[in-house]
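Colleague: Sending over query_10.txt (compact mmCIF, C-alpha atoms).
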# COMPACT_ATOMS: atom_id res chain seq x y z
CA MET A 233 62.45 133.00 101.42
CA LYS A 234 62.95 136.40 102.99
CA ALA A 235 64.99 139.27 101.59
CA VAL A 236 68.54 138.74 102.88
CA ALA A 237 68.48 134.96 102.65
CA SER A 238 67.02 135.25 99.15
CA SER A 239 69.81 137.55 98.01
CA ILE A 240 72.46 135.13 99.25
CA ILE A 241 70.90 132.15 97.46
CA LEU A 242 70.44 134.25 94.32
CA ALA A 243 74.12 135.20 94.38
CA LEU A 244 75.08 131.55 94.70
CA SER A 245 72.79 130.69 91.80
CA LEU A 246 74.22 133.37 89.50
CA ALA A 247 77.77 132.28 90.27
CA ALA A 248 76.93 128.64 89.72
CA CYS A 249 75.20 129.26 86.41
CA ALA A 250 78.36 130.75 84.90
CA SER A 251 79.18 127.27 83.58
CA THR A 252 76.94 124.63 82.04
CA THR A 253 79.11 121.53 81.56
CA THR A 254 78.11 117.99 82.49
CA PRO A 255 77.78 117.22 86.23
CA SER A 256 80.88 115.70 87.79
CA ASN A 257 79.01 112.82 89.44
CA ASP A 258 75.59 111.19 89.50
CA VAL A 259 74.35 111.99 92.99
CA ILE A 260 70.78 113.21 93.23
CA ILE A 261 70.65 116.97 93.81
CA LEU A 262 67.20 118.41 94.47
CA ASN A 263 68.08 122.06 95.10
CA PRO A 264 68.37 124.00 91.80
CA GLU A 265 71.20 126.28 92.95
CA LEU A 266 73.28 123.41 94.28
CA HIS A 267 72.54 121.36 91.14
CA ALA A 268 73.79 124.21 88.95
CA ALA A 269 76.94 124.59 91.03
CA ASN A 270 77.66 120.87 90.83
CA ALA A 271 77.30 120.97 87.04
CA ASP A 272 80.90 122.19 86.86
CA TYR A 273 82.67 121.48 90.11
CA ALA A 274 85.97 123.03 89.04
CA ALA A 275 84.38 126.32 87.99
CA SER A 276 82.34 126.50 91.19
CA MET A 277 85.46 125.96 93.28
CA ALA A 278 87.22 128.87 91.57
CA VAL A 279 84.35 131.37 91.20
CA PRO A 280 84.98 134.54 93.30
CA ARG A 281 83.00 134.85 96.51
CA SER A 282 82.88 137.55 99.15
CA PRO A 283 86.20 137.66 101.03
CA MET A 284 86.07 136.01 104.45
CA THR A 285 88.62 136.27 107.26
CA MET A 286 89.62 133.17 109.19
CA ALA A 287 90.70 133.06 112.83
CA SER A 288 94.28 132.44 111.66
CA GLY A 289 94.25 135.81 109.90
CA ALA A 290 94.09 134.28 106.41
CA THR A 291 91.51 135.61 103.96
CA VAL A 292 89.69 133.34 101.52
CA SER A 293 87.72 134.45 98.48
CA ASN A 294 86.69 131.22 96.76
CA CYS A 295 85.87 127.60 97.57
CA GLU A 296 89.36 126.34 96.69
CA GLU A 297 91.03 128.61 99.22
CA TYR A 298 88.40 127.88 101.86
CA LEU A 299 88.49 124.09 101.52
CA ALA A 300 92.29 124.02 101.29
CA LEU A 301 92.37 125.00 104.96
CA GLY A 302 91.16 121.48 105.75
CA ASP A 303 89.99 120.31 109.16
CA GLY A 304 89.41 122.75 111.93
CA VAL A 305 88.35 125.65 109.76
CA ASP A 306 87.68 128.50 112.17
CA ILE A 307 85.95 131.61 110.84
CA GLU A 308 86.79 134.85 112.60
CA PRO A 309 83.63 135.91 114.51
CA ALA A 310 83.66 139.40 113.03
CA PRO A 311 80.62 141.40 111.84
CA ASN A 312 82.11 141.65 108.34
CA ASN A 313 82.14 137.87 108.09
CA ARG A 314 78.45 137.33 108.86
CA ILE A 315 77.06 137.63 105.32
CA PRO A 316 80.13 136.28 103.43
CA SER A 317 80.13 133.11 105.53
CA LEU A 318 76.71 132.20 104.14
CA GLU A 319 78.13 131.91 100.62
CA TYR A 320 80.53 129.16 101.67
CA VAL A 321 77.71 126.74 102.54
CA THR A 322 77.81 125.78 98.88
CA CYS A 323 81.55 125.04 99.09
CA ASP A 324 81.10 122.58 101.95
CA SER A 325 78.11 120.96 100.25
CA LEU A 326 79.86 120.51 96.91
CA SER A 327 82.93 119.06 98.58
CA VAL A 328 80.88 116.43 100.42
CA LEU A 329 78.92 115.47 97.31
CA GLN A 330 82.07 115.20 95.20
CA ASP A 331 83.20 112.26 97.31
CA ALA A 332 79.74 110.70 97.74
CA LEU A 333 78.35 107.65 95.97
CA PRO A 334 75.14 107.76 93.91
CA VAL A 335 71.94 106.10 95.13
CA PRO A 336 68.87 104.90 93.19
CA ALA A 337 66.19 107.49 92.46
CA ALA A 338 63.73 105.22 94.26
CA TYR A 339 65.07 106.66 97.53
CA ILE A 340 63.52 110.06 96.68
CA SER A 341 59.98 110.59 97.94
CA ASP A 342 57.49 113.43 98.21
CA SER A 343 57.20 112.81 101.96
CA MET A 344 60.65 114.13 102.83
CA GLY A 345 59.30 117.55 103.77
CA GLU A 346 56.71 115.99 106.06
CA SER A 347 59.40 113.88 107.70
CA LEU A 348 61.53 116.98 108.33
CA SER A 349 58.59 118.68 110.05
CA THR A 350 57.41 115.76 112.20
CA ARG A 351 60.38 113.41 112.73
CA PHE A 352 63.52 115.54 112.63
CA ASP A 353 64.97 115.94 116.13
CA MET A 354 65.74 119.66 116.55
CA ARG A 355 67.77 118.82 119.66
CA SER A 356 70.44 117.21 117.49
CA PHE A 357 71.87 120.52 116.22
CA ARG A 358 72.18 124.13 117.34
CA SER A 359 69.64 126.64 116.06
CA SER A 360 67.41 129.43 117.28
CA MET A 361 64.86 126.72 118.14
CA HIS A 362 67.17 124.66 120.31
CA GLN A 363 66.44 126.29 123.66
CA ARG A 364 62.71 125.79 123.11
CA THR A 365 62.98 122.02 122.79
CA THR A 366 61.85 119.74 125.61
CA GLU A 367 61.66 115.98 126.08
CA GLU A 368 58.10 116.14 124.77
CA ALA A 369 58.45 118.80 122.04
CA PHE A 370 61.47 118.65 119.75
CA THR A 371 60.26 118.67 116.14
CA LEU A 372 59.64 121.76 114.03
CA GLN A 373 55.92 121.03 114.00
CA ALA A 374 55.82 120.72 117.78
CA LEU A 375 57.82 123.89 118.40
CA THR A 376 55.51 126.33 116.65
CA ASP A 377 51.81 127.11 116.63
CA HIS A 378 52.19 128.84 113.27
CA PRO A 379 51.20 126.75 110.23
CA LEU A 380 54.10 125.20 108.35
CA LYS A 381 54.49 125.10 104.59
CA ILE A 382 55.31 121.53 103.63
CA GLY A 383 56.74 120.69 100.22
CA ALA A 384 58.05 117.46 98.77
CA HIS A 385 61.54 118.06 100.20
CA VAL A 386 61.02 121.17 102.36
CA ALA A 387 59.51 122.11 105.73
CA GLU A 388 59.16 125.86 106.15
CA LEU A 389 58.09 128.18 108.96
CA ASP A 390 57.26 131.68 107.73
CA SER A 391 55.85 133.60 110.68
CA PRO A 392 55.72 137.38 111.14
CA SER A 393 58.83 137.30 113.36
CA TRP A 394 60.84 134.32 112.18
CA TYR A 395 61.72 132.38 109.04
CA PHE A 396 62.99 128.81 109.43
CA LYS A 397 63.51 126.33 106.63
CA LEU A 398 64.64 122.71 106.51
CA GLU A 399 65.39 121.47 102.99
CA VAL A 400 66.73 118.20 101.64
CA VAL A 401 69.08 119.54 98.96
CA ALA A 402 70.68 116.25 97.90
CA VAL A 403 70.51 112.51 98.46
CA ALA A 404 73.65 110.37 98.19
CA ASP A 405 75.66 107.73 100.01
CA ILE A 406 77.96 110.13 101.84
CA ASP A 407 79.48 107.73 104.37
CA ALA A 408 79.90 104.77 101.98
CA SER A 409 77.54 102.66 104.08
CA GLY A 410 75.56 101.46 101.09
CA LYS A 411 72.55 103.44 102.30
CA PRO A 412 71.24 106.87 101.22
CA ASP A 413 71.96 109.96 103.30
CA TRP A 414 70.21 113.32 103.16
CA LEU A 415 72.20 116.53 102.79
CA ILE A 416 70.04 119.31 104.20
CA TRP A 417 70.28 123.08 104.38
CA VAL A 418 68.92 125.00 107.36
CA VAL A 419 67.87 128.64 106.94
CA ASP A 420 67.34 130.38 110.29
CA GLN A 421 66.41 134.07 110.10
CA SER A 422 64.96 136.70 112.42
CA LEU A 423 62.55 138.99 110.60
CA GLU A 424 62.71 141.57 113.37
CA GLY A 425 66.49 141.70 113.81
CA THR A 426 69.73 140.97 111.99
CA TYR A 427 70.22 137.30 112.86
CA LEU A 428 70.63 135.03 109.83
CA ALA A 429 72.28 131.63 109.55
CA ILE A 430 72.43 129.18 106.66
CA TYR A 431 74.27 125.93 107.23
CA PRO A 432 74.45 122.35 105.92
CA LEU A 433 73.84 119.17 107.91
CA ILE A 434 73.63 115.46 107.13
CA ILE A 435 70.97 112.96 108.12
CA TYR A 436 72.73 109.62 107.86
CA ASP A 437 70.70 106.56 106.86
CA PRO A 438 67.27 108.19 107.32
CA VAL A 439 64.77 105.68 108.61
CA THR A 440 61.19 105.39 107.36
CA SER A 441 59.79 105.78 110.88
CA GLY A 442 61.11 107.11 114.16
CA LEU A 443 63.41 110.06 114.74
CA LEU A 444 65.82 111.61 112.27
CA THR A 445 68.95 113.25 113.69
CA ALA A 446 71.50 115.68 112.26
CA SER A 447 75.27 115.39 112.00
CA PRO A 448 77.82 118.02 110.90
CA LEU A 449 79.49 117.69 107.53
CA PRO A 450 82.81 115.79 107.50
CA ARG A 451 85.84 117.93 106.62
Mind converting the file's structure to structure tokens?
Modeller:
Amino acid sequence: MKAVASSIILALSLAACASTTTPSNDVIILNPELHAANADYAASMAVPRSPMTMASGATVSNCEEYLALGDGVDIEPAPNNRIPSLEYVTCDSLSVLQDALPVPAAYISDSMGESLSTRFDMRSFRSSMHQRTTEEAFTLQALTDHPLKIGAHVAELDSPSWYFKLEVVAVADIDASGKPDWLIWVVDQSLEGTYLAIYPLIIYDPVTSGLLTASPLPR
């Protein structure tokens, strides 16, 4: 992961590792930083984060304050909010997993990364890649001629000009349907400019073949 995105994830990791108590639930968390944060939900909710201004004028500085705003959270589109807003991806992710139901480990496979690269419909969410999609080309693999790095749970584009990462960070029954859902993080970063976005999405009831589509997190 490139410099700025790496520093954000490192900051989240250091904050999360401040506590080492037993995890609050039994959902499967694949991302080490998110796993550490979930190990003590209460501490992660209260740990100080970079102050962020909301459209209402309120300022939040931890997950508790941020999540207390409830539905319709609207971040002020100010330059000073750009980097702080990235830290609150963990808050949204932890909140969703706290209410999720566990699923059997058998639902985890080493082909998740490959599925993200070849079957995940990039038209189903907004990103820097969205305008490049067509009816014929709409997966990460189809949208780039640069080789992808495929891991068990990750699909990663690391070109000279752009860094783009799709990662399954947790698997749980988020919508209480009795089926597993994938919580994913998207890292979208220009390596020639200042654009950087990190945000969570959900793939509900991922199928073993056919397209996978993204949905926003419930609030």
Colleague: May I ask which of the residues A:Ser360, A:Ser343, A:Gln373, A:Thr350 is the closest one to Val418 of chain A, counting all atoms listed in the file?
Modeller: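 Checking each of A:Ser360, A:Ser343, A:Gln373, A:Thr350 against Val418 of chain A, counting all atoms listed in the file, the winner is A:Ser360.
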Colleague: Name the residues, using the chain letters and numbers of the file, that sit within 9 Å of (76.2, 124.8, 95.2) when counting only C-alpha atoms, and give them as a PyMOL selection string.
Modeller: chain A and resi 244-245+248+263-270+273+276+320-326
Colleague: Kindly give the distance, in Å, that separates atom CA of Leu398 of chain A and atom CA of Leu329 of chain A, rounded to a single decimal.
Modeller: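 Result for atom CA of Leu398 of chain A versus atom CA of Leu329 of chain A: 18.5 Å, one decimal.
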Colleague: Would you pick out the contacts of Ala446 of chain A at 7 Å or less, using only C-alpha atoms, so that residues sharing its chain but fewer than 5 positions from it are not included, and give the list as a CSV table (one decimal) with C-alpha atoms, in the frame of the given file?
Modeller:
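What follows is the written file selection_17.csv:
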chain,number,residue,atom,x,y,z
A,356,SER,CA,70.4,117.2,117.5
A,357,PHE,CA,71.9,120.5,116.2
A,433,LEU,CA,73.8,119.2,107.9
A,434,ILE,CA,73.6,115.5,107.1
A,435,ILE,CA,71.0,113.0,108.1
Colleague: In Å, how far is it from atom CA of Lys381 of chain A to atom CA of Ile430 of chain A?
Modeller: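 Atom CA of Lys381 of chain A sits 18.5 Å away from atom CA of Ile430 of chain A.
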Colleague: What are the nearest atom pairs, with distances in Å to one decimal, for all residues of segment 255-373 of chain A that come at most 10 Å from segment 400-409 of chain A, using all atoms listed in the file, set out by chain and rising residue number as a tab-separated table?
Modeller:
residue	atom	partner	partner_atom	distance
A:Asp258	CA	A:Ala404	CA	8.9
A:Val259	CA	A:Ala404	CA	5.5
A:Ile260	CA	A:Val403	CA	5.3
A:Ile261	CA	A:Ala402	CA	4.2
A:Leu262	CA	A:Val401	CA	5.0
A:Asn263	CA	A:Val401	CA	4.7
A:Pro264	CA	A:Val401	CA	8.5
A:Glu265	CA	A:Val401	CA	9.3
A:Leu266	CA	A:Val401	CA	7.4
A:His267	CA	A:Ala402	CA	8.7
A:Ser325	CA	A:Ala402	CA	9.1
A:Val328	CA	A:Ile406	CA	7.1
A:Leu329	CA	A:Ile406	CA	7.1
A:Gln330	CA	A:Ile406	CA	9.3
A:Asp331	CA	A:Ile406	CA	7.2
A:Ala332	CA	A:Ile406	CA	4.5
A:Leu333	CA	A:Asp405	CA	4.9
A:Pro334	CA	A:Ala404	CA	5.2
A:Val335	CA	A:Ala404	CA	5.5
A:Pro336	CA	A:Ala404	CA	8.8
A:Ala337	CA	A:Val403	CA	8.9
A:Tyr339	CA	A:Val403	CA	8.0
A:Ile340	CA	A:Val403	CA	7.6
A:Met344	CA	A:Val400	CA	7.4
A:Gly345	CA	A:Val400	CA	7.8
A:Leu348	CA	A:Val400	CA	8.6
Colleague: Find, counting all atoms listed in the file, the residue in A:Ser447, A:Ser391, A:Ser347, A:Ser441 that gets nearest to Leu423 of chain A.
Modeller: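 Between A:Ser447, A:Ser391, A:Ser347, A:Ser441, the residue approaching Leu423 of chain A most closely is A:Ser391.
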Colleague: Excluding same-chain residues fewer than 5 positions from segment 365-369 of chain A, what lies within 10 Å of it counting all atoms listed in the file, as a PyMOL selection string?
Modeller: chain A and resi 353-355+374-376
